[in-house]
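Printed here is final-v2.txt (compact mmCIF, C-alpha atoms):
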```
# COMPACT_ATOMS: atom_id res chain seq x y z
CA MET V 10 91.19 228.01 -64.22
CA LYS V 11 89.75 226.83 -60.93
CA TYR V 12 85.94 226.97 -60.79
CA ASN V 13 83.97 227.50 -57.58
CA PHE V 14 80.83 225.39 -57.90
CA ASP V 15 79.77 226.25 -54.36
CA GLU V 16 79.03 229.79 -55.54
CA MET V 17 75.35 230.64 -55.12
CA VAL V 18 74.15 232.45 -58.24
CA ASN V 19 70.79 234.20 -57.98
CA ARG V 20 68.75 232.99 -60.95
CA ARG V 21 65.52 234.76 -60.10
CA ASN V 22 64.32 237.26 -62.70
CA THR V 23 66.49 235.64 -65.39
CA TYR V 24 63.58 233.95 -67.25
CA SER V 25 64.45 230.62 -65.61
CA VAL V 26 61.85 227.85 -65.73
CA LYS V 27 63.04 226.62 -62.34
CA TRP V 28 63.21 229.92 -60.54
CA ASP V 29 60.69 232.15 -62.34
CA GLY V 30 58.09 229.67 -63.55
CA GLY V 31 56.15 229.15 -60.34
CA GLN V 32 52.75 230.07 -61.75
CA TYR V 33 53.16 227.61 -64.62
CA ILE V 34 54.50 224.89 -62.35
CA LYS V 35 51.50 225.22 -60.03
CA ALA V 36 49.08 225.39 -62.96
CA ALA V 37 50.53 222.12 -64.24
CA GLY V 38 49.66 220.47 -60.92
CA ILE V 39 53.27 219.68 -60.03
CA THR V 40 53.01 221.40 -56.66
CA GLU V 41 50.57 223.41 -54.60
CA ARG V 42 53.29 225.56 -53.11
CA TYR V 43 55.82 227.73 -54.90
CA ASP V 44 57.24 230.83 -53.24
CA GLU V 45 60.50 232.63 -52.60
CA GLU V 46 61.59 229.89 -50.19
CA THR V 47 61.03 227.03 -52.65
CA LEU V 48 64.09 225.01 -53.65
CA PRO V 49 63.39 223.80 -57.21
CA LEU V 50 65.50 220.76 -58.07
CA PHE V 51 63.28 219.17 -60.68
CA THR V 52 64.59 220.47 -64.00
CA ALA V 53 67.69 219.03 -65.66
CA ASP V 54 69.67 222.21 -65.92
CA MET V 55 72.42 223.39 -63.61
CA ASP V 56 72.53 226.20 -61.09
CA LEU V 57 76.24 226.44 -61.90
CA PRO V 58 77.99 228.98 -64.16
CA VAL V 59 79.09 227.72 -67.57
CA PRO V 60 82.76 227.50 -68.65
CA GLN V 61 84.52 230.85 -68.85
CA PRO V 62 85.54 230.31 -72.51
CA VAL V 63 81.85 230.01 -73.39
CA ILE V 64 81.06 233.25 -71.58
CA ASP V 65 83.94 234.95 -73.39
CA ALA V 66 82.74 233.65 -76.76
CA LEU V 67 79.21 234.87 -76.12
CA HIS V 68 80.53 238.30 -75.15
CA ARG V 69 82.40 238.46 -78.45
CA THR V 70 79.19 237.56 -80.24
CA VAL V 71 77.31 240.31 -78.42
CA ASP V 72 80.07 242.78 -79.24
CA ASN V 73 79.37 242.25 -82.94
CA ARG V 74 76.09 244.11 -82.25
CA ILE V 75 74.25 242.51 -85.17
CA PHE V 76 72.35 239.22 -84.81
CA GLY V 77 71.21 238.24 -88.29
CA TYR V 78 70.71 234.87 -89.93
CA SER V 79 73.59 232.51 -89.25
CA VAL V 80 75.50 229.87 -91.16
CA PHE V 81 77.56 226.99 -89.78
CA PRO V 82 81.31 227.48 -90.20
CA ASP V 83 83.66 224.53 -90.62
CA GLU V 84 84.81 225.13 -87.04
CA TYR V 85 81.36 224.12 -85.80
CA TYR V 86 81.56 220.65 -87.31
CA GLU V 87 85.24 220.25 -86.46
CA ALA V 88 84.52 221.04 -82.80
CA ILE V 89 81.90 218.27 -82.69
CA GLN V 90 84.11 215.77 -84.52
CA ASN V 91 87.15 216.47 -82.35
CA TRP V 92 85.15 216.24 -79.12
CA PHE V 93 83.66 212.84 -79.83
CA LYS V 94 86.94 211.49 -81.16
CA ARG V 95 88.80 212.76 -78.12
CA ARG V 96 86.27 211.84 -75.45
CA HIS V 97 84.68 208.69 -76.89
CA ASN V 98 86.97 207.57 -79.72
CA TRP V 99 84.03 207.92 -82.10
CA ASP V 100 84.69 209.04 -85.67
CA ILE V 101 81.90 211.19 -87.06
CA GLN V 102 81.88 212.53 -90.61
CA LYS V 103 80.87 216.13 -91.21
CA GLU V 104 78.05 215.17 -93.57
CA GLU V 105 76.53 212.91 -90.89
CA ILE V 106 75.76 215.86 -88.58
CA ILE V 107 72.39 217.62 -88.69
CA TYR V 108 71.62 220.58 -86.44
CA CYS V 109 68.30 220.52 -84.59
CA PRO V 110 66.91 223.08 -82.11
CA GLY V 111 66.40 220.70 -79.22
CA THR V 112 66.38 216.99 -78.41
CA VAL V 113 62.65 216.71 -77.70
CA TYR V 114 61.98 218.37 -81.05
CA ALA V 115 64.40 215.94 -82.71
CA THR V 116 62.49 213.05 -81.14
CA ASP V 117 59.21 214.39 -82.54
CA VAL V 118 60.77 214.72 -85.99
CA ALA V 119 62.20 211.19 -85.93
CA ILE V 120 58.91 209.62 -84.89
CA ARG V 121 56.94 211.42 -87.59
CA ALA V 122 59.60 210.88 -90.26
CA PHE V 123 60.16 207.16 -89.80
CA THR V 124 56.89 205.74 -88.46
CA ALA V 125 53.22 205.94 -89.39
CA PRO V 126 50.15 206.41 -87.19
CA GLY V 127 49.46 203.17 -85.34
CA ASP V 128 53.07 201.96 -85.48
CA GLY V 129 54.68 200.79 -82.26
CA VAL V 130 57.64 202.55 -80.62
CA ILE V 131 59.54 200.79 -77.84
CA ILE V 132 60.63 202.67 -74.73
CA GLN V 133 62.08 201.40 -71.45
CA ARG V 134 60.20 202.72 -68.44
CA PRO V 135 60.74 204.32 -66.06
CA VAL V 136 61.97 206.79 -68.66
CA TYR V 137 62.08 210.45 -69.64
CA PRO V 138 58.40 211.55 -69.92
CA PRO V 139 58.58 213.43 -73.29
CA PHE V 140 59.26 210.11 -75.06
CA THR V 141 55.78 208.93 -74.12
CA ARG V 142 54.22 212.27 -74.99
CA SER V 143 55.88 212.40 -78.41
CA ILE V 144 54.68 208.89 -79.27
CA ILE V 145 51.10 209.44 -78.14
CA GLU V 146 50.68 212.91 -79.62
CA SER V 147 51.86 211.64 -83.02
CA GLY V 148 49.28 208.86 -83.01
CA ARG V 149 51.80 206.07 -82.52
CA LYS V 150 51.61 203.28 -79.96
CA VAL V 151 53.76 203.08 -76.84
CA ILE V 152 55.41 199.67 -76.47
CA ASN V 153 56.93 199.37 -73.00
CA ASN V 154 59.93 197.15 -72.35
CA PRO V 155 60.21 197.91 -68.62
CA LEU V 156 63.65 197.74 -67.09
CA ARG V 157 64.11 195.12 -64.40
CA TYR V 158 64.63 196.50 -60.90
CA ASP V 159 66.40 194.31 -58.33
CA GLU V 160 66.69 194.41 -54.55
CA ASN V 161 69.92 196.42 -54.80
CA GLY V 162 68.25 199.19 -56.78
CA TYR V 163 69.96 198.15 -60.01
CA TYR V 164 68.21 198.22 -63.39
CA SER V 165 68.80 195.82 -66.27
CA ILE V 166 67.25 195.07 -69.65
CA ASP V 167 64.71 192.28 -70.08
CA PHE V 168 66.05 191.07 -73.44
CA GLU V 169 63.52 188.29 -73.85
CA ASP V 170 60.67 190.77 -73.58
CA PHE V 171 62.56 193.28 -75.75
CA GLU V 172 63.00 190.86 -78.63
CA GLU V 173 59.43 189.63 -78.36
CA LYS V 174 58.20 193.19 -78.82
CA ALA V 175 60.78 194.09 -81.47
CA LYS V 176 59.77 191.22 -83.73
CA ASP V 177 56.15 192.37 -83.89
CA GLU V 178 55.66 193.59 -87.46
CA ASN V 179 53.98 196.77 -86.19
CA THR V 180 57.03 197.77 -84.12
CA LYS V 181 59.09 200.23 -86.14
CA MET V 182 61.27 202.15 -83.68
CA PHE V 183 63.11 201.89 -80.38
CA ILE V 184 64.07 205.00 -78.39
CA LEU V 185 67.21 204.22 -76.42
CA CYS V 186 68.09 206.51 -73.52
CA ASN V 187 71.75 206.03 -72.63
CA PRO V 188 72.85 207.05 -70.06
CA HIS V 189 69.36 206.26 -68.92
CA ASN V 190 67.19 208.98 -67.42
CA PRO V 191 66.14 208.63 -64.59
CA THR V 192 67.79 205.37 -63.48
CA GLY V 193 71.34 206.46 -64.29
CA ARG V 194 72.29 203.21 -66.01
CA ILE V 195 75.05 203.28 -68.61
CA PHE V 196 74.45 200.28 -70.82
CA LYS V 197 77.51 198.13 -71.37
CA THR V 198 79.01 197.36 -74.77
CA GLU V 199 77.61 193.83 -74.83
CA GLU V 200 74.13 195.15 -74.00
CA LEU V 201 74.33 197.74 -76.78
CA LYS V 202 75.50 195.18 -79.30
CA LYS V 203 72.64 192.88 -78.40
CA ILE V 204 70.11 195.71 -78.65
CA SER V 205 71.48 196.74 -82.02
CA GLN V 206 71.42 193.22 -83.43
CA ILE V 207 67.86 192.52 -82.30
CA CYS V 208 66.68 195.74 -83.88
CA ALA V 209 68.61 195.08 -87.10
CA ASP V 210 67.18 191.56 -87.33
CA HIS V 211 63.62 192.86 -87.06
CA ASN V 212 63.94 196.12 -89.04
CA VAL V 213 63.49 198.33 -86.00
CA LEU V 214 65.06 201.78 -86.20
CA ILE V 215 67.08 202.86 -83.15
CA VAL V 216 66.84 206.48 -81.99
CA ALA V 217 69.59 206.87 -79.39
CA ASP V 218 69.28 209.78 -76.97
CA GLU V 219 72.85 210.07 -75.69
CA ILE V 220 72.81 213.66 -74.48
CA HIS V 221 74.00 212.67 -70.98
CA GLY V 222 76.97 210.77 -72.39
CA ASP V 223 79.59 213.16 -71.02
CA LEU V 224 78.13 213.19 -67.50
CA ILE V 225 79.47 209.90 -66.16
CA ARG V 226 81.14 208.78 -62.97
CA ARG V 227 84.90 208.46 -62.86
CA GLU V 228 84.93 204.66 -62.76
CA GLN V 229 82.45 204.32 -65.62
CA THR V 230 82.79 204.29 -69.40
CA PHE V 231 80.18 205.50 -71.85
CA VAL V 232 80.19 204.08 -75.39
CA PRO V 233 77.97 205.42 -78.21
CA ILE V 234 75.84 202.63 -79.64
CA ALA V 235 76.64 203.67 -83.22
CA LYS V 236 80.32 203.10 -82.49
CA VAL V 237 80.03 199.54 -81.14
CA ALA V 238 77.18 198.17 -83.26
CA GLU V 239 78.25 195.71 -85.95
CA GLN V 240 76.16 197.78 -88.34
CA ASN V 241 74.88 201.27 -87.68
CA ASP V 242 72.80 202.11 -90.72
CA HIS V 243 69.67 201.67 -88.58
CA ILE V 244 70.85 204.05 -85.81
CA ILE V 245 70.14 207.74 -85.30
CA THR V 246 72.03 209.42 -82.45
CA PHE V 247 71.16 212.60 -80.57
CA THR V 248 74.04 214.57 -79.05
CA ALA V 249 73.91 217.98 -77.40
CA ILE V 250 75.83 220.60 -75.44
CA ASN V 251 72.81 221.38 -73.29
CA LYS V 252 73.38 218.86 -70.48
CA THR V 253 77.18 218.70 -70.61
CA PHE V 254 77.77 222.45 -70.45
CA ASN V 255 74.49 223.79 -69.00
CA LEU V 256 73.44 225.42 -72.28
CA ALA V 257 69.89 224.12 -72.65
CA GLY V 258 68.54 227.59 -73.32
CA LEU V 259 70.56 227.81 -76.54
CA HIS V 260 68.68 224.86 -78.11
CA THR V 261 71.64 223.14 -79.73
CA THR V 262 71.21 219.45 -80.50
CA ASN V 263 73.20 217.64 -83.17
CA VAL V 264 71.79 214.53 -84.80
CA VAL V 265 74.25 212.01 -86.20
CA ILE V 266 73.00 209.75 -89.00
CA SER V 267 75.41 207.63 -91.03
CA ASN V 268 72.76 206.19 -93.38
CA PRO V 269 72.37 208.68 -96.29
CA GLU V 270 68.74 207.74 -96.95
CA LEU V 271 67.72 208.16 -93.31
CA ARG V 272 69.66 211.39 -93.17
CA LYS V 273 67.86 212.78 -96.20
CA THR V 274 64.46 211.79 -94.81
CA PHE V 275 65.18 213.35 -91.42
CA SER V 276 66.50 216.53 -93.03
CA ASN V 277 63.41 216.83 -95.21
CA HIS V 278 61.14 216.57 -92.19
CA ILE V 279 63.11 219.00 -90.08
CA ASP V 280 63.14 221.56 -92.90
CA ILE V 281 65.34 224.61 -92.39
CA LYS V 282 66.13 225.36 -88.77
CA SER V 283 68.56 228.25 -88.54
CA PRO V 284 70.69 228.46 -85.39
CA THR V 285 71.39 231.64 -83.50
CA PRO V 286 74.95 233.01 -83.60
CA PHE V 287 75.03 232.41 -79.84
CA ALA V 288 74.45 228.68 -80.30
CA ILE V 289 77.28 228.46 -82.83
CA SER V 290 79.83 230.40 -80.81
CA ALA V 291 78.89 228.60 -77.58
CA LEU V 292 79.26 225.13 -79.08
CA ILE V 293 82.65 225.88 -80.62
CA ALA V 294 83.96 227.33 -77.36
CA ALA V 295 82.48 224.56 -75.19
CA TYR V 296 83.84 221.66 -77.22
CA ASN V 297 87.20 223.30 -77.92
CA GLU V 298 87.89 224.93 -74.56
CA GLY V 299 85.43 223.55 -72.00
CA GLU V 300 87.08 220.27 -71.11
CA ASP V 301 88.86 221.53 -68.00
CA TRP V 302 85.54 222.89 -66.66
CA LEU V 303 83.86 219.53 -67.33
CA GLU V 304 86.56 217.59 -65.48
CA GLN V 305 86.10 219.81 -62.43
CA LEU V 306 82.32 219.51 -62.71
CA LEU V 307 82.48 215.70 -62.76
CA ASP V 308 84.53 215.69 -59.57
CA TYR V 309 82.04 218.06 -57.97
CA LEU V 310 79.02 215.98 -58.99
CA ASP V 311 80.68 212.81 -57.70
CA GLY V 312 81.28 214.50 -54.36
CA THR V 313 77.68 215.69 -54.10
CA MET V 314 76.32 212.25 -54.94
CA GLU V 315 78.55 210.62 -52.35
CA TRP V 316 77.27 213.12 -49.77
CA VAL V 317 73.63 212.37 -50.70
CA VAL V 318 74.05 208.61 -50.38
CA GLN V 319 75.83 208.89 -47.03
CA PHE V 320 73.35 211.43 -45.68
CA LEU V 321 70.34 209.31 -46.60
CA ALA V 322 71.97 206.17 -45.18
CA GLU V 323 72.35 207.97 -41.84
CA LYS V 324 69.20 210.10 -41.71
CA MET V 325 66.67 208.36 -43.98
CA PRO V 326 67.75 204.72 -44.26
CA LYS V 327 64.34 203.70 -45.55
CA VAL V 328 65.08 205.54 -48.81
CA LYS V 329 66.79 203.30 -51.34
CA VAL V 330 69.22 205.19 -53.58
CA ARG V 331 72.47 204.48 -55.35
CA ILE V 332 75.01 206.61 -57.16
CA PRO V 333 74.03 206.56 -60.85
CA GLU V 334 76.56 205.39 -63.41
CA GLY V 335 75.75 208.43 -65.53
CA THR V 336 73.61 211.61 -65.66
CA TYR V 337 73.31 214.16 -62.85
CA VAL V 338 69.97 212.90 -61.57
CA MET V 339 69.38 210.63 -58.60
CA TRP V 340 66.46 208.22 -58.43
CA MET V 341 65.17 207.69 -54.90
CA ASP V 342 62.86 204.86 -53.84
CA PHE V 343 60.54 205.89 -50.96
CA SER V 344 58.55 202.64 -50.86
CA GLY V 345 60.22 201.65 -47.58
CA TYR V 346 58.09 204.16 -45.71
CA GLY V 347 54.89 202.30 -46.50
CA ILE V 348 52.96 205.49 -47.23
CA SER V 349 51.23 206.55 -50.41
CA PRO V 350 53.08 208.41 -53.18
CA LYS V 351 50.65 211.26 -52.55
CA GLU V 352 51.78 211.58 -48.94
CA VAL V 353 55.45 211.38 -49.95
CA HIS V 354 54.77 214.18 -52.40
CA ASP V 355 53.01 216.33 -49.79
CA ARG V 356 55.82 215.96 -47.26
CA ILE V 357 58.49 216.95 -49.77
CA TYR V 358 56.80 219.50 -52.03
CA ASN V 359 54.36 221.28 -49.72
CA ARG V 360 55.84 220.85 -46.26
CA ALA V 361 59.59 220.81 -46.96
CA ASN V 362 59.05 223.23 -49.87
CA VAL V 363 61.47 221.28 -52.07
CA LEU V 364 60.40 220.75 -55.65
CA LEU V 365 61.50 217.41 -57.15
CA GLN V 366 59.88 215.30 -59.87
CA ASP V 367 57.38 212.57 -59.01
CA GLY V 368 58.43 209.17 -60.27
CA ARG V 369 54.96 208.42 -61.65
CA MET V 370 55.71 210.91 -64.43
CA PHE V 371 58.23 208.36 -65.74
CA GLY V 372 55.65 205.57 -65.86
CA ASP V 373 53.87 203.32 -63.38
CA GLU V 374 57.23 201.72 -62.58
CA GLY V 375 58.24 204.97 -60.87
CA ARG V 376 55.21 205.48 -58.63
CA ASP V 377 57.19 205.17 -55.37
CA PHE V 378 60.16 207.21 -56.59
CA GLN V 379 61.32 210.80 -56.64
CA ARG V 380 63.87 212.20 -59.08
CA ILE V 381 66.23 214.95 -57.98
CA CYS V 382 68.60 216.90 -60.21
CA ILE V 383 71.73 217.59 -58.20
CA PRO V 384 73.93 219.95 -60.34
CA SER V 385 73.45 222.86 -57.96
CA PRO V 386 75.79 224.29 -55.33
CA ARG V 387 76.26 221.62 -52.69
CA PRO V 388 74.99 223.86 -49.86
CA MET V 389 71.67 224.11 -51.72
CA ILE V 390 71.44 220.33 -52.08
CA GLN V 391 72.31 219.88 -48.42
CA GLU V 392 69.63 222.33 -47.33
CA ALA V 393 67.06 220.54 -49.49
CA PHE V 394 67.77 217.17 -47.89
CA GLU V 395 67.84 218.62 -44.39
CA ARG V 396 64.36 220.04 -45.01
CA ILE V 397 63.12 216.68 -46.32
CA VAL V 398 64.57 214.78 -43.36
CA ARG V 399 62.65 216.96 -40.92
CA GLU V 400 59.36 216.10 -42.62
CA PHE V 401 60.00 212.34 -42.33
CA GLU V 402 61.33 212.26 -38.76
CA ASP V 403 58.06 210.84 -37.42
CA LEU V 404 58.43 207.84 -39.73
CA GLN V 405 62.05 206.92 -39.04
```

Turn this file's structure into C-alpha cells for me.
Amino acid sequence: MKYNFDEMVNRRNTYSVKWDGGQYIKAAGITERYDEETLPLFTADMDLPVPQPVIDALHRTVDNRIFGYSVFPDEYYEAIQNWFKRRHNWDIQKEEIIYCPGTVYATDVAIRAFTAPGDGVIIQRPVYPPFTRSIIESGRKVINNPLRYDENGYYSIDFEDFEEKAKDENTKMFILCNPHNPTGRIFKTEELKKISQICADHNVLIVADEIHGDLIRREQTFVPIAKVAEQNDHIITFTAINKTFNLAGLHTTNVVISNPELRKTFSNHIDIKSPTPFAISALIAAYNEGEDWLEQLLDYLDGTMEWVVQFLAEKMPKVKVRIPEGTYVMWMDFSGYGISPKEVHDRIYNRANVLLQDGRMFGDEGRDFQRICIPSPRPMIQEAFERIVREFEDLQ
C-alpha cells in the first residue's frame, strides 16, 4: 500500500496535546500565543496517519464491543521478538519482556527501584527533559556528563569525564538515550561497548532509552547496547511502539531485562499494570504488518530533513543544523544571530506563531538551540520555516 504523508489531517478536537492543549501550553509558560493559526511542532508525535493494518486491528477490537481486563497473548511477545530479530538482529527471550504504560513512567520506576535518595544518576545533556525531572523528583542527584559539541555541529562523548563520574561510589545509574534526543546521535558500537564496560567496572546500572531506534537515516545503523555489550546483566532497555508507529497515546512500552534479579526487582516496583486491548492489538499489528509503512515513512522523513537543511542554508545561513543520524527531531543552533535566546523565542513563538521547544529545557548546553519535531506533512513544515524566515529577515 502506498501512503500519502502529504495528507493534512485535522487533529483539532481529537484530544491532542499539540492541537487542543493551548491553555495548558500557555499556562506552562512555553508560549504567550496559541490560537487557531499556531503551528505546534514541539511534541514528539506525528501528524501522520498510522499504518493501515493497525487501524484495521483497532477496528476489530472496537467491533468486539466489550473492553474488559486484558491479558497478553503469545502473539504479543512473538511480535516483539520477531521485530527486533528482523530489524536489529537482537534475540530477546519472552521472559525478559515486561510491559510498562509509558517510557517516562518506566524511567521513574527504574530510578526508584535501583537507586536510593542521594544517589547519583548520570545523564548526557543536552538531553530529554523528563530524565532530569525524574531524578530530581525522586530525591536523587543529577550527574551531568555533557556531550562535546564541535564546530561542525557534531556531538561526541567525553569518556574521560564519564569514567571519572562513573567511578564515584555514589553514582549508581546511567541513563543512556540512543538515538540521542535532541542531538540525533546514534552511538557507534565501539562507543556502546566502552560505555558498557566502564559501567560494569564501576557497578553502574545502565538504563537504555532506545525508543527512537527504528527512526534512523538510510545510511545509518542502530545497534542495541544490550546486544553488543560483552556482558548485559547490568543493562535495562526501554523499547516502544509509540515513536516508531505514532502510537504514543496507547502507552505501550516494553522493558527488556536479561538479569533475572533486576527483572524481579523492576516487576515488583511496577506492580500490576494491565494494558488496554487496544494496546495489545495495535502492537501485534504494527510489528507484524507495519514494516512497509515504516520504510515509506523513513524515506519521507529523510526528504523533509534534506529540505530543511537546504532551505536554512539558503534563507537562514546563520542557523547551524545538520541531518540527525536518528530520531525525527532536528536541533537548530541560533547562536550565530548574536541575539538572546529570549528574543529568538519571541520571533519564532509569538511573531511567527510556530511552537517549537526551547533548547534550555534540555539543559544549559541547549540555551541557544531550538528543537523541532518534523514528522508532519511536508507542506506544514515548509510553512513553519517560511514564517520563521520572515521574522529573521532583518538579521540576515

Spatial neighbours of Tyr296 in chain V, max dist 12 Å, only C-alpha atoms, sep filter under 5 positions, as a list in words
Pro60, Pro62, Val63, Glu84, Tyr85, Tyr86, Glu87, Ala88, Ile89, Gln90, Asn91, Trp92, Phe93, Lys94, Arg95, Arg96, Asp223, Ala249, Ile250, Asn251, Thr253, Phe254, Ile289, Ser290, Ala291, Asp301, Trp302 and Leu303 of chain V

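Residue nearest Pro233 in chain V within the list V:Gly347, V:Lys176, V:Asp170, V:His97: V:His97 [criterion: smallest interatomic distance, all atoms listed in the file].
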
Within 7 Å of range 377-384 of chain V, counting only C-alpha atoms, which residues qualify if same-chain residues fewer than 5 places away don't, as a list in words?
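Surrounding residues, per the criterion: Leu50, Phe51, Thr52, Ala53, Met55, Asp56, Pro191, Leu310, Tyr337, Val338, Met339, Trp340, Met341, Asp342, Phe343, Ser344, Pro350, Leu365, Gln366, Asp367, Gly368 and Ile390 of chain V.
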
So that I have them on file, write out the residues from the current selection with C-alpha atoms, as a PDB file, keeping the file's coordinate frame.
```
ATOM      1  CA  LEU V  50      65.500 220.760 -58.070  1.00  0.00           C
ATOM      2  CA  PHE V  51      63.280 219.170 -60.680  1.00  0.00           C
ATOM      3  CA  THR V  52      64.590 220.470 -64.000  1.00  0.00           C
ATOM      4  CA  ALA V  53      67.690 219.030 -65.660  1.00  0.00           C
ATOM      5  CA  MET V  55      72.420 223.390 -63.610  1.00  0.00           C
ATOM      6  CA  ASP V  56      72.530 226.200 -61.090  1.00  0.00           C
ATOM      7  CA  PRO V 191      66.140 208.630 -64.590  1.00  0.00           C
ATOM      8  CA  LEU V 310      79.020 215.980 -58.990  1.00  0.00           C
ATOM      9  CA  TYR V 337      73.310 214.160 -62.850  1.00  0.00           C
ATOM     10  CA  VAL V 338      69.970 212.900 -61.570  1.00  0.00           C
ATOM     11  CA  MET V 339      69.380 210.630 -58.600  1.00  0.00           C
ATOM     12  CA  TRP V 340      66.460 208.220 -58.430  1.00  0.00           C
ATOM     13  CA  MET V 341      65.170 207.690 -54.900  1.00  0.00           C
ATOM     14  CA  ASP V 342      62.860 204.860 -53.840  1.00  0.00           C
ATOM     15  CA  PHE V 343      60.540 205.890 -50.960  1.00  0.00           C
ATOM     16  CA  SER V 344      58.550 202.640 -50.860  1.00  0.00           C
ATOM     17  CA  PRO V 350      53.080 208.410 -53.180  1.00  0.00           C
ATOM     18  CA  LEU V 365      61.500 217.410 -57.150  1.00  0.00           C
ATOM     19  CA  GLN V 366      59.880 215.300 -59.870  1.00  0.00           C
ATOM     20  CA  ASP V 367      57.380 212.570 -59.010  1.00  0.00           C
ATOM     21  CA  GLY V 368      58.430 209.170 -60.270  1.00  0.00           C
ATOM     22  CA  ILE V 390      71.440 220.330 -52.080  1.00  0.00           C
TER      23      ILE V 390
END
```

For a test of reading the model, state the distance in Å between CA of Pro49 in chain V and CA of Trp28 in chain V, rounded to one decimal.
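Interatomic distance here is 7.0 Å.
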
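We find CA of Ala238 in chain V and CA of Ile195 in chain V to be spaced 15.7 Å apart.
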
Which one is closest to Ile64 in chain V: V:Ser25, V:Gln391, V:Asn255, V:Ser385? Count only C-alpha atoms.
V:Asn255

I want to know what sits within 10 Å of Val216 in chain V, based on all atoms listed in the file, with residues of the same chain fewer than 6 positions away left out; could you give that as a PyMOL selection string?
chain V and resi 115-116+119-120+182-186+243-247+264+266

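Here the question is which of V:Ala175, V:Leu404, V:Arg194, V:Phe123 gets nearest to Glu352 in chain V using all atoms listed in the file, and that residue is V:Leu404.
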
Name the residues in contact with Lys327 in chain V at a cut-off of 12 Å, using all atoms listed in the file, excluding same-chain residues fewer than 3 positions from it; report them as a PyMOL selection string.
chain V and resi 318+320-324+330+341-348+398+401-402+404-405

Which one is closest to Glu105 in chain V: V:Ser205, V:Ser283, V:Gln32, V:Asn263? Count only C-alpha atoms.
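Among the listed residues, the smallest separation from Glu105 in chain V belongs to V:Asn263.
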
Need to verify the contact set: Asp65 in chain V, 12 Å, all atoms listed in the file, exclusion of same-chain residues closer than 6 positions in sequence. Can you return it as a compact mmCIF listing (two decimals) with C-alpha atoms, in the coordinates of the input?
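Written file, out38.txt:
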```txt
# COMPACT_ATOMS: atom_id res chain seq x y z
CA VAL V 59 79.09 227.72 -67.57
CA VAL V 71 77.31 240.31 -78.42
CA ASP V 72 80.07 242.78 -79.24
CA PHE V 287 75.03 232.41 -79.84
CA SER V 290 79.83 230.40 -80.81
CA ALA V 291 78.89 228.60 -77.58
CA ILE V 293 82.65 225.88 -80.62
CA ALA V 294 83.96 227.33 -77.36
CA ALA V 295 82.48 224.56 -75.19
CA GLU V 298 87.89 224.93 -74.56
CA GLY V 299 85.43 223.55 -72.00
```

Could you give me, as an NGL selection string, the residues that sit within 9 Å of (68.3, 204.2, -93.4) in the file's coordinates, counting all atoms listed in the file?
:V and (214 or 242-244 or 266-272 or 274)

Find the residue from V:Lys181, V:Asn19, V:Met10, V:Lys203 that sits nearest to Glu239 in chain V; use all atoms listed in the file when measuring.
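Smallest distance to Glu239 in chain V is found for V:Lys203.
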
Atomic distance CA of Glu315 in chain V - CA of His189 in chain V, expressed in Å with one decimal:
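Between CA of Glu315 in chain V and CA of His189 in chain V the gap is 19.4 Å.
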
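Each of V:Arg331, V:Lys103, V:Arg399, V:Arg226 was compared to Phe81 in chain V using only C-alpha atoms, and V:Lys103 turns out to be the nearest.
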
Since the input lacks atoms, please generate N, CA, C and O atoms for range 256-265 of chain V and provide them as a PDB file, in the coordinates of the input.
```
ATOM      1  N   LEU V 256      73.796 224.478 -71.225  1.00  0.00           N
ATOM      2  CA  LEU V 256      73.440 225.420 -72.280  1.00  0.00           C
ATOM      3  C   LEU V 256      72.104 225.089 -72.909  1.00  0.00           C
ATOM      4  O   LEU V 256      71.875 225.334 -74.098  1.00  0.00           O
ATOM      5  N   ALA V 257      71.182 224.557 -72.110  1.00  0.00           N
ATOM      6  CA  ALA V 257      69.890 224.120 -72.650  1.00  0.00           C
ATOM      7  C   ALA V 257      69.125 225.255 -73.306  1.00  0.00           C
ATOM      8  O   ALA V 257      68.397 225.051 -74.279  1.00  0.00           O
ATOM      9  N   GLY V 258      69.279 226.463 -72.787  1.00  0.00           N
ATOM     10  CA  GLY V 258      68.540 227.590 -73.320  1.00  0.00           C
ATOM     11  C   GLY V 258      68.967 228.010 -74.715  1.00  0.00           C
ATOM     12  O   GLY V 258      68.278 228.809 -75.358  1.00  0.00           O
ATOM     13  N   LEU V 259      70.081 227.466 -75.199  1.00  0.00           N
ATOM     14  CA  LEU V 259      70.560 227.810 -76.540  1.00  0.00           C
ATOM     15  C   LEU V 259      70.047 226.830 -77.602  1.00  0.00           C
ATOM     16  O   LEU V 259      70.318 227.013 -78.793  1.00  0.00           O
ATOM     17  N   HIS V 260      69.350 225.776 -77.178  1.00  0.00           N
ATOM     18  CA  HIS V 260      68.680 224.860 -78.110  1.00  0.00           C
ATOM     19  C   HIS V 260      69.623 224.360 -79.209  1.00  0.00           C
ATOM     20  O   HIS V 260      69.433 224.634 -80.393  1.00  0.00           O
ATOM     21  N   THR V 261      70.625 223.610 -78.776  1.00  0.00           N
ATOM     22  CA  THR V 261      71.640 223.140 -79.730  1.00  0.00           C
ATOM     23  C   THR V 261      71.817 221.635 -79.604  1.00  0.00           C
ATOM     24  O   THR V 261      72.601 221.150 -78.795  1.00  0.00           O
ATOM     25  N   THR V 262      71.073 220.903 -80.398  1.00  0.00           N
ATOM     26  CA  THR V 262      71.210 219.450 -80.500  1.00  0.00           C
ATOM     27  C   THR V 262      71.807 219.125 -81.864  1.00  0.00           C
ATOM     28  O   THR V 262      71.521 219.798 -82.855  1.00  0.00           O
ATOM     29  N   ASN V 263      72.648 218.110 -81.899  1.00  0.00           N
ATOM     30  CA  ASN V 263      73.200 217.640 -83.170  1.00  0.00           C
ATOM     31  C   ASN V 263      72.848 216.175 -83.351  1.00  0.00           C
ATOM     32  O   ASN V 263      73.102 215.349 -82.475  1.00  0.00           O
ATOM     33  N   VAL V 264      72.253 215.876 -84.487  1.00  0.00           N
ATOM     34  CA  VAL V 264      71.790 214.530 -84.800  1.00  0.00           C
ATOM     35  C   VAL V 264      72.800 213.897 -85.752  1.00  0.00           C
ATOM     36  O   VAL V 264      73.171 214.502 -86.769  1.00  0.00           O
ATOM     37  N   VAL V 265      73.252 212.698 -85.394  1.00  0.00           N
ATOM     38  CA  VAL V 265      74.250 212.010 -86.200  1.00  0.00           C
ATOM     39  C   VAL V 265      73.600 210.813 -86.886  1.00  0.00           C
ATOM     40  O   VAL V 265      73.079 209.914 -86.223  1.00  0.00           O
TER      41      VAL V 265
END
```
